[in-house]
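**Q** Sharing my_file_33.cif (mmCIF, C-alpha atoms) below.
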data_coords
loop_
_atom_site.label_atom_id
_atom_site.label_comp_id
_atom_site.auth_asym_id
_atom_site.auth_seq_id
_atom_site.Cartn_x
_atom_site.Cartn_y
_atom_site.Cartn_z
CA MET A 1 -11.23 34.72 -26.83
CA SER A 2 -13.28 33.38 -23.94
CA PHE A 3 -16.61 34.68 -22.64
CA ILE A 4 -14.89 34.59 -19.23
CA GLN A 5 -13.00 37.84 -18.76
CA VAL A 6 -9.23 37.24 -18.64
CA ALA A 7 -6.70 39.92 -17.71
CA GLU A 8 -3.80 40.34 -20.13
CA ASP A 9 -1.27 39.35 -17.48
CA SER A 10 -3.30 36.36 -16.29
CA HIS A 11 -1.52 32.99 -16.45
CA PHE A 12 -4.76 31.30 -17.44
CA PRO A 13 -6.21 32.47 -20.77
CA ILE A 14 -8.12 30.20 -23.13
CA GLN A 15 -4.81 29.32 -24.80
CA ASN A 16 -3.75 27.57 -21.58
CA LEU A 17 -6.55 25.73 -19.72
CA PRO A 18 -4.41 23.82 -17.19
CA TYR A 19 -5.86 21.05 -15.05
CA GLY A 20 -5.99 21.01 -11.27
CA VAL A 21 -7.91 19.56 -8.32
CA PHE A 22 -9.79 21.85 -5.94
CA SER A 23 -12.36 21.97 -3.16
CA THR A 24 -14.29 24.78 -1.50
CA LYS A 25 -15.50 25.69 1.97
CA ASN A 26 -19.01 24.61 1.03
CA ASN A 27 -17.92 21.39 -0.69
CA ASP A 28 -14.77 19.75 0.64
CA THR A 29 -14.78 16.95 -1.95
CA PRO A 30 -11.74 17.28 -4.23
CA ARG A 31 -12.78 17.64 -7.86
CA ILE A 32 -11.10 18.24 -11.20
CA GLY A 33 -11.15 21.73 -12.63
CA VAL A 34 -9.65 23.84 -15.39
CA ALA A 35 -8.34 27.35 -14.75
CA ILE A 36 -9.71 30.14 -16.95
CA GLY A 37 -8.92 33.69 -15.89
CA ASP A 38 -9.65 34.00 -12.18
CA GLN A 39 -12.22 31.18 -12.34
CA ILE A 40 -12.17 27.38 -12.12
CA LEU A 41 -14.43 25.34 -14.39
CA CYS A 42 -15.52 22.14 -12.62
CA LEU A 43 -15.36 19.31 -15.15
CA SER A 44 -17.76 16.97 -13.38
CA GLU A 45 -20.51 19.58 -13.90
CA ILE A 46 -19.96 19.63 -17.66
CA ALA A 47 -18.91 16.00 -18.18
CA HIS A 48 -22.05 15.31 -20.22
CA LEU A 49 -20.79 17.73 -22.87
CA PHE A 50 -17.72 15.61 -23.71
CA ASP A 51 -19.23 13.76 -26.66
CA GLY A 52 -16.21 12.92 -28.82
CA PRO A 53 -15.17 9.35 -29.69
CA ASN A 54 -12.38 9.15 -27.11
CA LEU A 55 -14.33 10.53 -24.16
CA ILE A 56 -18.02 9.75 -24.61
CA LYS A 57 -17.64 6.40 -22.83
CA CYS A 58 -15.08 7.72 -20.35
CA ARG A 59 -16.85 10.75 -18.89
CA HIS A 60 -16.53 9.24 -15.41
CA VAL A 61 -12.85 10.26 -15.35
CA PHE A 62 -13.93 13.86 -14.76
CA ALA A 63 -15.71 12.85 -11.54
CA GLU A 64 -12.53 11.42 -10.02
CA LYS A 65 -10.58 13.11 -7.22
CA THR A 66 -7.31 13.18 -9.16
CA LEU A 67 -6.25 13.47 -12.80
CA ASN A 68 -4.80 9.96 -13.02
CA SER A 69 -7.72 8.23 -14.76
CA PHE A 70 -8.01 11.00 -17.34
CA MET A 71 -4.25 11.03 -17.90
CA SER A 72 -4.22 7.27 -18.48
CA LEU A 73 -6.54 7.62 -21.52
CA GLY A 74 -3.68 8.83 -23.73
CA ILE A 75 -2.87 11.70 -26.03
CA ALA A 76 -5.92 11.39 -28.32
CA ALA A 77 -8.26 11.83 -25.35
CA TRP A 78 -6.18 14.71 -23.96
CA ARG A 79 -6.39 16.58 -27.24
CA GLU A 80 -10.09 15.89 -27.62
CA ALA A 81 -10.76 17.27 -24.14
CA ARG A 82 -8.69 20.38 -24.83
CA ALA A 83 -10.50 21.06 -28.10
CA LYS A 84 -13.90 20.64 -26.43
CA LEU A 85 -12.96 22.94 -23.54
CA GLN A 86 -11.68 25.65 -25.84
CA SER A 87 -14.89 25.41 -27.83
CA LEU A 88 -17.16 25.53 -24.76
CA LEU A 89 -15.28 28.49 -23.30
CA SER A 90 -15.04 30.49 -26.51
CA SER A 91 -17.00 33.73 -26.72
CA ASP A 92 -19.03 32.59 -29.73
CA ASN A 93 -20.29 29.27 -28.29
CA PRO A 94 -23.64 29.67 -26.47
CA VAL A 95 -23.81 26.16 -24.93
CA LEU A 96 -22.12 27.13 -21.67
CA ARG A 97 -22.08 30.89 -22.12
CA ASP A 98 -25.87 31.24 -22.16
CA ASP A 99 -26.82 28.51 -19.68
CA GLN A 100 -26.90 30.57 -16.50
CA GLU A 101 -27.92 27.68 -14.25
CA LEU A 102 -25.07 25.50 -15.49
CA ARG A 103 -22.60 28.38 -15.24
CA LYS A 104 -23.60 28.94 -11.63
CA ARG A 105 -22.85 25.32 -10.78
CA ALA A 106 -19.77 24.94 -12.94
CA PHE A 107 -17.65 28.00 -12.11
CA THR A 108 -15.85 28.78 -8.85
CA PRO A 109 -13.68 31.85 -8.20
CA GLN A 110 -10.08 30.77 -7.67
CA LYS A 111 -9.91 32.89 -4.51
CA GLU A 112 -12.57 30.64 -2.94
CA ALA A 113 -10.81 27.38 -3.82
CA VAL A 114 -8.46 25.16 -1.86
CA MET A 115 -6.02 23.45 -4.21
CA HIS A 116 -4.92 19.83 -3.79
CA LEU A 117 -2.27 17.61 -5.32
CA PRO A 118 -3.58 17.23 -8.87
CA VAL A 119 -2.15 13.74 -9.33
CA THR A 120 -1.56 10.69 -7.19
CA VAL A 121 2.21 10.51 -7.55
CA GLY A 122 3.37 6.91 -7.85
CA ASP A 123 7.08 7.53 -8.32
CA TYR A 124 9.32 10.56 -8.39
CA THR A 125 12.66 10.90 -10.18
CA ASP A 126 14.75 14.05 -10.16
CA PHE A 127 17.26 14.72 -12.92
CA TYR A 128 20.34 16.96 -12.98
CA SER A 129 19.94 18.36 -16.47
CA SER A 130 20.97 22.04 -16.41
CA ILE A 131 24.57 22.32 -17.57
CA HIS A 132 25.09 25.69 -15.89
CA HIS A 133 23.90 24.38 -12.53
CA ALA A 134 25.96 21.20 -12.82
CA THR A 135 29.03 23.22 -13.82
CA ASN A 136 28.57 25.65 -10.92
CA VAL A 137 28.19 22.91 -8.33
CA GLY A 138 31.08 20.91 -9.79
CA THR A 139 33.31 23.97 -9.79
CA MET A 140 32.57 24.64 -6.11
CA PHE A 141 33.43 21.15 -4.95
CA ARG A 142 35.92 19.83 -7.52
CA GLY A 143 37.34 22.87 -9.28
CA LYS A 144 36.71 24.38 -12.70
CA ASP A 145 38.81 21.84 -14.59
CA ASN A 146 36.82 18.92 -13.20
CA ALA A 147 33.39 20.51 -12.91
CA LEU A 148 31.37 17.95 -14.89
CA MET A 149 31.68 14.26 -14.15
CA PRO A 150 32.74 12.12 -17.15
CA ASN A 151 29.23 10.72 -17.68
CA TRP A 152 27.31 14.03 -17.50
CA LYS A 153 27.17 14.80 -21.25
CA HIS A 154 26.45 11.17 -22.14
CA ILE A 155 23.47 10.33 -19.92
CA PRO A 156 20.71 12.35 -18.23
CA VAL A 157 21.88 11.89 -14.62
CA GLY A 158 19.14 11.47 -12.04
CA TYR A 159 18.17 9.95 -8.69
CA HIS A 160 14.98 8.41 -7.34
CA GLY A 161 13.23 10.78 -4.96
CA ARG A 162 10.46 10.26 -2.45
CA ALA A 163 6.92 10.40 -3.86
CA SER A 164 5.26 10.43 -0.44
CA SER A 165 6.69 13.87 0.40
CA VAL A 166 5.57 15.60 -2.82
CA VAL A 167 3.15 18.31 -1.68
CA VAL A 168 1.04 20.98 -3.32
CA SER A 169 1.91 24.68 -3.28
CA GLY A 170 1.11 26.38 0.03
CA THR A 171 2.04 23.40 2.17
CA PRO A 172 4.55 24.43 4.86
CA ILE A 173 7.92 22.66 4.86
CA ARG A 174 9.49 21.82 8.21
CA ARG A 175 13.23 22.30 8.49
CA PRO A 176 14.65 18.76 8.55
CA CYS A 177 16.94 17.23 11.13
CA GLY A 178 19.72 14.83 10.38
CA GLN A 179 23.41 14.09 10.64
CA THR A 180 25.96 16.68 9.61
CA LYS A 181 29.75 16.59 9.78
CA PRO A 182 31.65 19.56 11.22
CA GLU A 183 35.03 20.18 9.64
CA ASN A 184 37.30 18.48 12.17
CA ASP A 185 34.84 16.79 14.52
CA PRO A 186 32.69 13.64 14.57
CA PRO A 187 29.20 13.81 13.02
CA VAL A 188 26.41 15.43 15.03
CA PHE A 189 22.61 15.32 14.94
CA GLY A 190 20.45 18.42 14.70
CA PRO A 191 18.48 20.78 12.48
CA CYS A 192 19.71 21.50 8.98
CA ARG A 193 21.67 24.77 8.91
CA LEU A 194 22.01 25.10 5.11
CA MET A 195 18.39 25.01 3.94
CA ASP A 196 17.96 25.64 0.22
CA PHE A 197 15.40 25.85 -2.55
CA GLU A 198 15.86 24.43 -6.05
CA LEU A 199 14.17 26.08 -9.01
CA GLU A 200 12.90 23.21 -11.13
CA MET A 201 10.13 22.14 -13.41
CA GLY A 202 8.67 18.68 -13.76
CA PHE A 203 6.51 16.63 -16.07
CA PHE A 204 3.87 14.00 -15.39
CA VAL A 205 3.73 10.74 -17.30
CA GLY A 206 0.29 10.25 -18.81
CA SER A 207 0.50 6.85 -20.46
CA GLY A 208 3.42 4.69 -19.37
CA ASN A 209 5.22 1.60 -20.60
CA LYS A 210 5.12 -2.01 -19.45
CA LEU A 211 7.88 -3.56 -17.37
CA GLY A 212 10.55 -4.79 -19.76
CA ASP A 213 9.55 -2.39 -22.53
CA ARG A 214 11.01 1.04 -23.21
CA VAL A 215 9.78 4.44 -24.40
CA ASP A 216 11.25 5.34 -27.79
CA VAL A 217 12.78 8.82 -27.73
CA LYS A 218 11.14 9.59 -31.08
CA ASN A 219 7.61 9.34 -29.68
CA ALA A 220 8.30 10.02 -26.00
CA GLN A 221 6.24 13.21 -26.24
CA ASP A 222 3.09 11.08 -26.57
CA HIS A 223 3.64 9.84 -23.02
CA ILE A 224 4.07 13.30 -21.43
CA PHE A 225 0.81 14.80 -20.14
CA GLY A 226 1.95 18.18 -18.85
CA MET A 227 4.29 20.22 -16.68
CA VAL A 228 4.38 21.86 -13.24
CA LEU A 229 6.74 24.08 -11.28
CA VAL A 230 8.86 22.16 -8.78
CA ASN A 231 10.79 23.25 -5.71
CA ASP A 232 12.93 20.30 -4.69
CA TRP A 233 13.98 21.54 -1.26
CA SER A 234 17.51 20.63 -0.15
CA ALA A 235 19.32 20.34 3.17
CA ARG A 236 22.82 21.04 1.87
CA ASP A 237 24.76 20.14 5.02
CA ILE A 238 22.91 16.84 5.49
CA GLN A 239 23.30 16.13 1.79
CA LYS A 240 27.05 16.80 1.84
CA TRP A 241 27.73 14.25 4.60
CA GLU A 242 25.50 11.45 3.28
CA TYR A 243 25.61 11.57 -0.51
CA VAL A 244 28.81 9.54 -0.97
CA PRO A 245 28.63 6.78 -2.12
CA LEU A 246 24.95 6.33 -3.03
CA GLY A 247 23.71 9.86 -3.62
CA PRO A 248 20.89 12.02 -2.18
CA PHE A 249 18.82 10.62 0.69
CA LEU A 250 17.62 12.49 3.80
CA GLY A 251 18.97 15.78 2.48
CA LYS A 252 16.37 15.64 -0.32
CA ASN A 253 13.40 13.47 0.67
CA PHE A 254 11.77 15.67 3.33
CA GLY A 255 9.74 17.77 0.88
CA THR A 256 9.16 18.56 -2.79
CA THR A 257 6.62 21.27 -3.62
CA ILE A 258 4.76 21.44 -6.93
CA SER A 259 2.41 24.03 -8.40
CA PRO A 260 -1.28 23.03 -8.39
CA TRP A 261 -1.98 23.55 -12.11
CA VAL A 262 -0.73 21.06 -14.71
CA VAL A 263 -0.09 22.84 -18.01
CA THR A 264 -0.50 20.50 -20.97
CA MET A 265 2.15 20.04 -23.61
CA ASP A 266 -0.30 21.20 -26.31
CA ALA A 267 -0.68 24.51 -24.44
CA LEU A 268 3.11 24.85 -24.47
CA SER A 269 3.61 23.82 -28.10
CA SER A 270 3.67 27.43 -29.37
CA PHE A 271 6.72 28.11 -27.20
CA ILE A 272 9.03 25.37 -28.44
CA VAL A 273 12.57 26.57 -29.11
CA GLU A 274 15.73 24.90 -30.35
CA ASN A 275 17.23 22.18 -28.21
CA THR A 276 20.48 23.02 -26.48
CA LYS A 277 23.38 21.97 -28.68
CA GLN A 278 24.92 18.81 -27.28
CA ASP A 279 28.61 18.83 -28.11
CA VAL A 280 29.12 15.13 -27.41
CA GLN A 281 27.63 12.55 -29.77
CA VAL A 282 24.87 10.86 -27.76
CA LEU A 283 23.99 7.22 -28.28
CA PRO A 284 21.19 6.50 -30.79
CA TYR A 285 18.52 5.74 -28.16
CA LEU A 286 18.86 9.36 -26.91
CA LYS A 287 18.93 11.10 -30.28
CA HIS A 288 15.91 12.97 -31.62
CA ASP A 289 15.86 15.57 -34.37
CA ASP A 290 12.70 17.46 -33.40
CA ASN A 291 12.91 20.41 -31.01
CA TYR A 292 11.49 19.76 -27.56
CA ASN A 293 12.81 22.64 -25.51
CA PHE A 294 10.55 25.42 -24.20
CA ASP A 295 10.84 29.16 -23.60
CA ILE A 296 9.41 29.33 -20.07
CA LYS A 297 10.37 32.39 -18.04
CA LEU A 298 11.04 31.47 -14.43
CA SER A 299 11.62 33.43 -11.23
CA VAL A 300 12.17 32.85 -7.53
CA SER A 301 11.38 35.29 -4.73
CA ILE A 302 11.82 35.12 -0.98
CA GLN A 303 9.75 36.88 1.65
CA GLY A 304 11.11 36.58 5.16
CA GLU A 305 9.39 37.45 8.42
CA GLY A 306 9.08 41.22 8.75
CA MET A 307 9.51 41.84 5.02
CA ASN A 308 6.67 43.83 3.45
CA GLU A 309 7.07 42.23 0.05
CA PRO A 310 8.98 39.37 -1.56
CA ALA A 311 12.42 39.97 -3.08
CA VAL A 312 13.25 38.40 -6.44
CA VAL A 313 16.53 36.48 -6.18
CA CYS A 314 16.52 34.60 -9.49
CA ASN A 315 15.31 35.03 -13.07
CA SER A 316 15.96 32.00 -15.24
CA ASN A 317 14.43 30.10 -18.16
CA PHE A 318 13.58 26.46 -18.83
CA LYS A 319 15.33 26.68 -22.20
CA ASN A 320 18.61 26.47 -20.25
CA MET A 321 18.07 22.71 -20.02
CA TYR A 322 20.78 20.57 -21.63
CA TRP A 323 18.79 17.33 -21.74
CA THR A 324 15.21 17.34 -23.09
CA MET A 325 12.25 15.71 -21.38
CA LYS A 326 12.10 13.20 -24.23
CA GLN A 327 15.68 12.17 -23.55
CA GLN A 328 15.01 11.94 -19.82
CA LEU A 329 12.04 9.61 -20.30
CA ALA A 330 13.79 7.51 -22.94
CA HIS A 331 16.84 7.07 -20.71
CA HIS A 332 14.75 6.29 -17.64
CA THR A 333 13.01 3.41 -19.42
CA VAL A 334 15.81 2.12 -21.68
CA ASN A 335 16.59 -0.66 -19.21
CA GLY A 336 12.95 -1.80 -19.16
CA CYS A 337 11.93 0.27 -16.14
CA ASN A 338 8.17 0.80 -16.33
CA SER A 339 6.86 4.35 -16.11
CA GLN A 340 3.30 4.72 -14.88
CA THR A 341 0.49 7.22 -15.03
CA GLY A 342 1.21 9.94 -12.46
CA ASP A 343 4.97 9.47 -12.28
CA LEU A 344 6.71 12.81 -11.72
CA TYR A 345 10.06 13.62 -13.32
CA GLY A 346 11.90 16.72 -12.09
CA SER A 347 14.27 18.67 -14.32
CA GLY A 348 16.92 19.36 -11.73
CA THR A 349 17.86 22.91 -10.75
CA ILE A 350 17.54 25.32 -13.70
CA SER A 351 20.34 27.88 -13.75
CA GLY A 352 21.44 30.25 -16.49
CA GLU A 353 24.87 31.61 -17.33
CA ASP A 354 24.87 34.76 -15.16
CA GLU A 355 24.56 35.05 -11.38
CA SER A 356 21.06 36.55 -11.49
CA SER A 357 19.79 33.31 -13.07
CA TYR A 358 21.24 30.83 -10.56
CA GLY A 359 18.45 28.55 -9.35
CA SER A 360 19.57 27.78 -5.80
CA MET A 361 20.96 29.55 -2.75
CA LEU A 362 24.00 27.28 -2.94
CA GLU A 363 24.93 29.03 -6.19
CA LEU A 364 23.63 32.51 -5.32
CA CYS A 365 25.77 32.64 -2.17
CA TRP A 366 28.48 30.56 -3.85
CA LYS A 367 28.74 27.95 -1.10
CA GLY A 368 28.36 30.55 1.65
CA THR A 369 31.13 32.90 0.54
CA LYS A 370 28.79 35.87 -0.05
CA GLU A 371 25.37 37.14 0.95
CA VAL A 372 22.21 37.54 -1.12
CA ASP A 373 20.66 40.99 -0.61
CA LEU A 374 16.87 40.92 -0.14
CA GLY A 375 16.66 44.67 0.48
CA ASN A 376 16.10 46.81 3.58
CA GLY A 377 18.93 45.14 5.45
CA ASN A 378 17.67 41.61 4.86
CA LYS A 379 20.44 39.29 3.72
CA ARG A 380 20.70 35.56 3.24
CA LYS A 381 23.24 32.88 2.60
CA PHE A 382 20.74 30.08 3.08
CA LEU A 383 17.08 30.10 4.06
CA LYS A 384 15.77 31.05 7.49
CA ASP A 385 12.72 29.79 9.36
CA GLY A 386 9.69 31.83 8.32
CA ASP A 387 10.98 32.41 4.78
CA ASN A 388 8.28 31.95 2.13
CA VAL A 389 9.81 30.90 -1.18
CA VAL A 390 7.76 31.56 -4.32
CA LEU A 391 8.49 30.08 -7.74
CA SER A 392 6.67 31.46 -10.76
CA GLY A 393 6.75 30.69 -14.46
CA TYR A 394 5.03 31.60 -17.71
CA CYS A 395 5.39 31.68 -21.49
CA GLN A 396 4.79 35.05 -23.16
CA GLY A 397 2.63 35.04 -26.28
CA SER A 398 1.34 37.92 -28.34
CA GLY A 399 -1.05 39.62 -25.92
CA PHE A 400 -1.42 36.59 -23.64
CA ARG A 401 0.51 34.41 -21.22
CA VAL A 402 0.48 30.67 -20.69
CA GLY A 403 1.50 30.34 -17.08
CA PHE A 404 1.81 27.96 -14.17
CA GLY A 405 0.74 30.27 -11.36
CA THR A 406 3.01 29.95 -8.34
CA CYS A 407 4.71 27.24 -6.34
CA GLU A 408 5.03 28.38 -2.72
CA GLY A 409 6.30 26.99 0.54
CA LYS A 410 7.07 28.49 3.95
CA ILE A 411 9.81 27.04 6.16
CA LEU A 412 8.77 26.04 9.66
CA PRO A 413 11.23 25.49 12.53
CA ALA A 414 12.65 22.01 13.02
CA ALA A 415 10.80 19.57 15.27
CA LEU A 416 13.37 18.74 17.96
#
Could I get this file's structure written as structure tokens?

**A**
Amino acid sequence: MSFIQVAEDSHFPIQNLPYGVFSTKNNDTPRIGVAIGDQILCLSEIAHLFDGPNLIKCRHVFAEKTLNSFMSLGIAAWREARAKLQSLLSSDNPVLRDDQELRKRAFTPQKEAVMHLPVTVGDYTDFYSSIHHATNVGTMFRGKDNALMPNWKHIPVGYHGRASSVVVSGTPIRRPCGQTKPENDPPVFGPCRLMDFELEMGFFVGSGNKLGDRVDVKNAQDHIFGMVLVNDWSARDIQKWEYVPLGPFLGKNFGTTISPWVVTMDALSSFIVENTKQDVQVLPYLKHDDNYNFDIKLSVSIQGEGMNEPAVVCNSNFKNMYWTMKQQLAHHTVNGCNSQTGDLYGSGTISGEDESSYGSMLELCWKGTKEVDLGNGNKRKFLKDGDNVVLSGYCQGSGFRVGFGTCEGKILPAAL
């Protein structure tokens, strides 16, 4: 228990302690903080208290404007920092609890903070690792008997996204323009008509691998710093016309929103569940016997203009993933591709078996054949300008939650 009061339904108890980067009206310098209850603990103000062997000579990392330097120190330093923070914030430790002057400098109410991208994102890869989502999309476009491509159960399929358009929660997303192809006419240029969200999660690489080396699946977890919520926005009509033969391009690279708090893998370790059974024998470089799947409850809500409150359109769970994060990282680097501190790897859309758990409008409206009811006469097939899309996720413990907060973005009209 922390000396900071934490509500039972808070996403940020002492069992969590996610990292983020914030500023305030009175101090616009971005700085690293840890969320505890409704407060943010500024790590540069307490850097002198990190006195363990892995951090005592590296305290400067907590004065940086992003998490990259801290993340690059490796898993021993991450765990040492977490242990020290839990000790300093515990109700029976007087060091921070009883130092009123330090507490005044170190804590900021979350409501007074402006959140920034927590990490300088060097590269971004998005996978396609939910079997229910892949099956749904394949069924729509190729039929039920040919839903999954022949390679899908053998390799974690992915594509390289655009790191420059990864933005923090709360950043508006402008409806993209591009080429689309009407049914029986030549291609035309204009605003996307089939704007979509994608319910995803992502992980950040902490310590990477050198060019020419690979990350072994058996210890891939040592390279994974933590996770965030991800909304990988999609322009479905632009995507449909361009994606053959080389895959997603302008239909995907105009915006990817992430939640501001990075939840560490140690905070999530209590919520590990069995890996999804893979019914095809994977090659040895992808095989690991330890469980690395997580029970993370996820939801998506939409609040359009004129709506008094958001409407939940999806309830899913990260445990629906077919490929694990360890397998994704091992596959990504098996050819010698170097992963680097701050690289972001998206899960792909996370859908469950039933309609209420579908993680995109494409699935919820089943390619535009039905409407999604938002209540009070508000219906959608795809997203409208002014819609605010909110992703949320948390793990439920006994009397506490380890959560990610929200990942939000409002759609602005296209710039013509």

**Q** Residues of region 84-131 of chain A within 10 Å of region 147-153 of chain A: nearest atom pair and distance (Å, one decimal) for each, counting all atoms listed in the file, sorted by chain and number, as CSV?

**A**
residue,atom,partner,partner_atom,distance
A:Tyr128,CA,A:Trp152,CA,8.8
A:Ser129,CA,A:Trp152,CA,8.6
A:Ile131,CA,A:Leu148,CA,8.5

**Q** What does the distance between CA of Ala415 (chain A) and CA of Lys240 (chain A) come to in Å, to one decimal place?

**A**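 A separation of 21.3 Å between them.
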
**Q** If I take CA of Tyr243 (chain A) and CA of Leu283 (chain A), how far is one from the other in Å, to one decimal?

**A** 28.2 Å

**Q** Suppose a student applies the PyMOL selection byres ((chain A and resi 205-220) around 6) to this structure; what residues should they get, written as a list in words?

**A**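 Taken over the shown coordinates, the PyMOL selection byres ((chain A and resi 205-220) around 6) returns Met71, Ser72, Gly74, Phe204, Gln221, Asp222, His223, Ile224, Phe225, His288, Lys326, Ala330, Thr333, Val334, Gly336, Cys337, Asn338, Ser339, Gln340, Thr341, Gly342 and Asp343 of chain A.
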
**Q** Kindly extract all protein, DNA and RNA residues lying within 12 Å of the coordinates (5.6, 21.1, 9.2) given in the file, considering only C-alpha atoms, and supply them as a ChimeraX atom specification.

**A** /A:165,167,170-176,254-255,385-386,409-416

**Q** Pick out the residues sitting within 10 Å of region 16-22 of chain A, and hand them over as an NGL selection string; count all atoms listed in the file, and ignore anything fewer than 6 positions along from it in its own chain.

**A** :A and (28-37 or 40-43 or 64-67 or 82 or 85-86 or 89 or 108 or 110 or 112-119 or 226-228 or 259-268 or 400-404)

**Q** Go ahead and save the picked residues with C-alpha atoms, as a compact mmCIF listing (two decimals), in the coordinates of the input.

**A**
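selection25.txt written:
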# COMPACT_ATOMS: atom_id res chain seq x y z
CA ASP A 28 -14.77 19.75 0.64
CA THR A 29 -14.78 16.95 -1.95
CA PRO A 30 -11.74 17.28 -4.23
CA ARG A 31 -12.78 17.64 -7.86
CA ILE A 32 -11.10 18.24 -11.20
CA GLY A 33 -11.15 21.73 -12.63
CA VAL A 34 -9.65 23.84 -15.39
CA ALA A 35 -8.34 27.35 -14.75
CA ILE A 36 -9.71 30.14 -16.95
CA GLY A 37 -8.92 33.69 -15.89
CA ILE A 40 -12.17 27.38 -12.12
CA LEU A 41 -14.43 25.34 -14.39
CA CYS A 42 -15.52 22.14 -12.62
CA LEU A 43 -15.36 19.31 -15.15
CA GLU A 64 -12.53 11.42 -10.02
CA LYS A 65 -10.58 13.11 -7.22
CA THR A 66 -7.31 13.18 -9.16
CA LEU A 67 -6.25 13.47 -12.80
CA ARG A 82 -8.69 20.38 -24.83
CA LEU A 85 -12.96 22.94 -23.54
CA GLN A 86 -11.68 25.65 -25.84
CA LEU A 89 -15.28 28.49 -23.30
CA THR A 108 -15.85 28.78 -8.85
CA GLN A 110 -10.08 30.77 -7.67
CA GLU A 112 -12.57 30.64 -2.94
CA ALA A 113 -10.81 27.38 -3.82
CA VAL A 114 -8.46 25.16 -1.86
CA MET A 115 -6.02 23.45 -4.21
CA HIS A 116 -4.92 19.83 -3.79
CA LEU A 117 -2.27 17.61 -5.32
CA PRO A 118 -3.58 17.23 -8.87
CA VAL A 119 -2.15 13.74 -9.33
CA GLY A 226 1.95 18.18 -18.85
CA MET A 227 4.29 20.22 -16.68
CA VAL A 228 4.38 21.86 -13.24
CA SER A 259 2.41 24.03 -8.40
CA PRO A 260 -1.28 23.03 -8.39
CA TRP A 261 -1.98 23.55 -12.11
CA VAL A 262 -0.73 21.06 -14.71
CA VAL A 263 -0.09 22.84 -18.01
CA THR A 264 -0.50 20.50 -20.97
CA MET A 265 2.15 20.04 -23.61
CA ASP A 266 -0.30 21.20 -26.31
CA ALA A 267 -0.68 24.51 -24.44
CA LEU A 268 3.11 24.85 -24.47
CA PHE A 400 -1.42 36.59 -23.64
CA ARG A 401 0.51 34.41 -21.22
CA VAL A 402 0.48 30.67 -20.69
CA GLY A 403 1.50 30.34 -17.08
CA PHE A 404 1.81 27.96 -14.17

**Q** Please enumerate the residues selected by the PyMOL selection byres ((chain A and resi 366) around 12) when evaluated against the supplied file, formatted as a short mmCIF file (atom, residue, chain, number, x, y, z; two decimals) with C-alpha atoms, in the frame of the given file.

**A**
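Writing done, so here's expr_25.cif:
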data_model
loop_
_atom_site.label_atom_id
_atom_site.label_comp_id
_atom_site.auth_asym_id
_atom_site.auth_seq_id
_atom_site.Cartn_x
_atom_site.Cartn_y
_atom_site.Cartn_z
CA HIS A 133 23.90 24.38 -12.53
CA ASN A 136 28.57 25.65 -10.92
CA VAL A 137 28.19 22.91 -8.33
CA GLY A 138 31.08 20.91 -9.79
CA THR A 139 33.31 23.97 -9.79
CA MET A 140 32.57 24.64 -6.11
CA PHE A 141 33.43 21.15 -4.95
CA GLU A 355 24.56 35.05 -11.38
CA TYR A 358 21.24 30.83 -10.56
CA GLY A 359 18.45 28.55 -9.35
CA SER A 360 19.57 27.78 -5.80
CA MET A 361 20.96 29.55 -2.75
CA LEU A 362 24.00 27.28 -2.94
CA GLU A 363 24.93 29.03 -6.19
CA LEU A 364 23.63 32.51 -5.32
CA CYS A 365 25.77 32.64 -2.17
CA LYS A 367 28.74 27.95 -1.10
CA GLY A 368 28.36 30.55 1.65
CA THR A 369 31.13 32.90 0.54
CA LYS A 370 28.79 35.87 -0.05
CA GLU A 371 25.37 37.14 0.95
CA VAL A 372 22.21 37.54 -1.12
CA ARG A 380 20.70 35.56 3.24
CA LYS A 381 23.24 32.88 2.60
CA PHE A 382 20.74 30.08 3.08
#

**Q** Determine the residue set returned by the PyMOL selection byres ((chain A and resi 321) around 10) for the present structure, and present it as a list in words.

**A**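 For this structure, the PyMOL selection byres ((chain A and resi 321) around 10) resolves to Tyr128, Ser129, Ser130, Ile131, His132, His133, Asn275, Thr276, Asn293, Phe294, Asn317, Phe318, Lys319, Asn320, Tyr322, Trp323, Thr324, Met325, Ser347, Gly348, Thr349, Ile350, Ser351 and Gly352 of chain A.
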
**Q** Enter the distance from CA of Ser10 (chain A) to CA of Leu229 (chain A), in Å, rounded to one decimal.

**A** 16.6 Å

**Q** Ranking A:Pro186, A:Pro191, A:Pro109, A:Gly161 by minimum distance to Gly122 (chain A) and counting only C-alpha atoms, which one comes first?

**A**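 Checking each of A:Pro186, A:Pro191, A:Pro109, A:Gly161 against Gly122 (chain A), counting only C-alpha atoms, the winner is A:Gly161.
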
**Q** When distances are computed from only C-alpha atoms, which of A:His154, A:Lys104, A:Arg59, A:His160 shows the smallest separation from Tyr124 (chain A)?

**A**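 Checking each candidate against Tyr124 (chain A), we get A:His160 as the closest.
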
**Q** Taking (-19.1, 11.0, -13.8) in the file's coordinates as the center, which residues reach within 9 Å of it, counting only C-alpha atoms, put as a short mmCIF file (atom, residue, chain, number, x, y, z; two decimals) with C-alpha atoms, keeping the file's coordinate frame?

**A**
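For reference, selection35.cif as written:
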data_model
loop_
_atom_site.label_atom_id
_atom_site.label_comp_id
_atom_site.auth_asym_id
_atom_site.auth_seq_id
_atom_site.Cartn_x
_atom_site.Cartn_y
_atom_site.Cartn_z
CA SER A 44 -17.76 16.97 -13.38
CA GLU A 45 -20.51 19.58 -13.90
CA ALA A 47 -18.91 16.00 -18.18
CA HIS A 48 -22.05 15.31 -20.22
CA CYS A 58 -15.08 7.72 -20.35
CA ARG A 59 -16.85 10.75 -18.89
CA HIS A 60 -16.53 9.24 -15.41
CA VAL A 61 -12.85 10.26 -15.35
CA PHE A 62 -13.93 13.86 -14.76
CA ALA A 63 -15.71 12.85 -11.54
CA GLU A 64 -12.53 11.42 -10.02
#
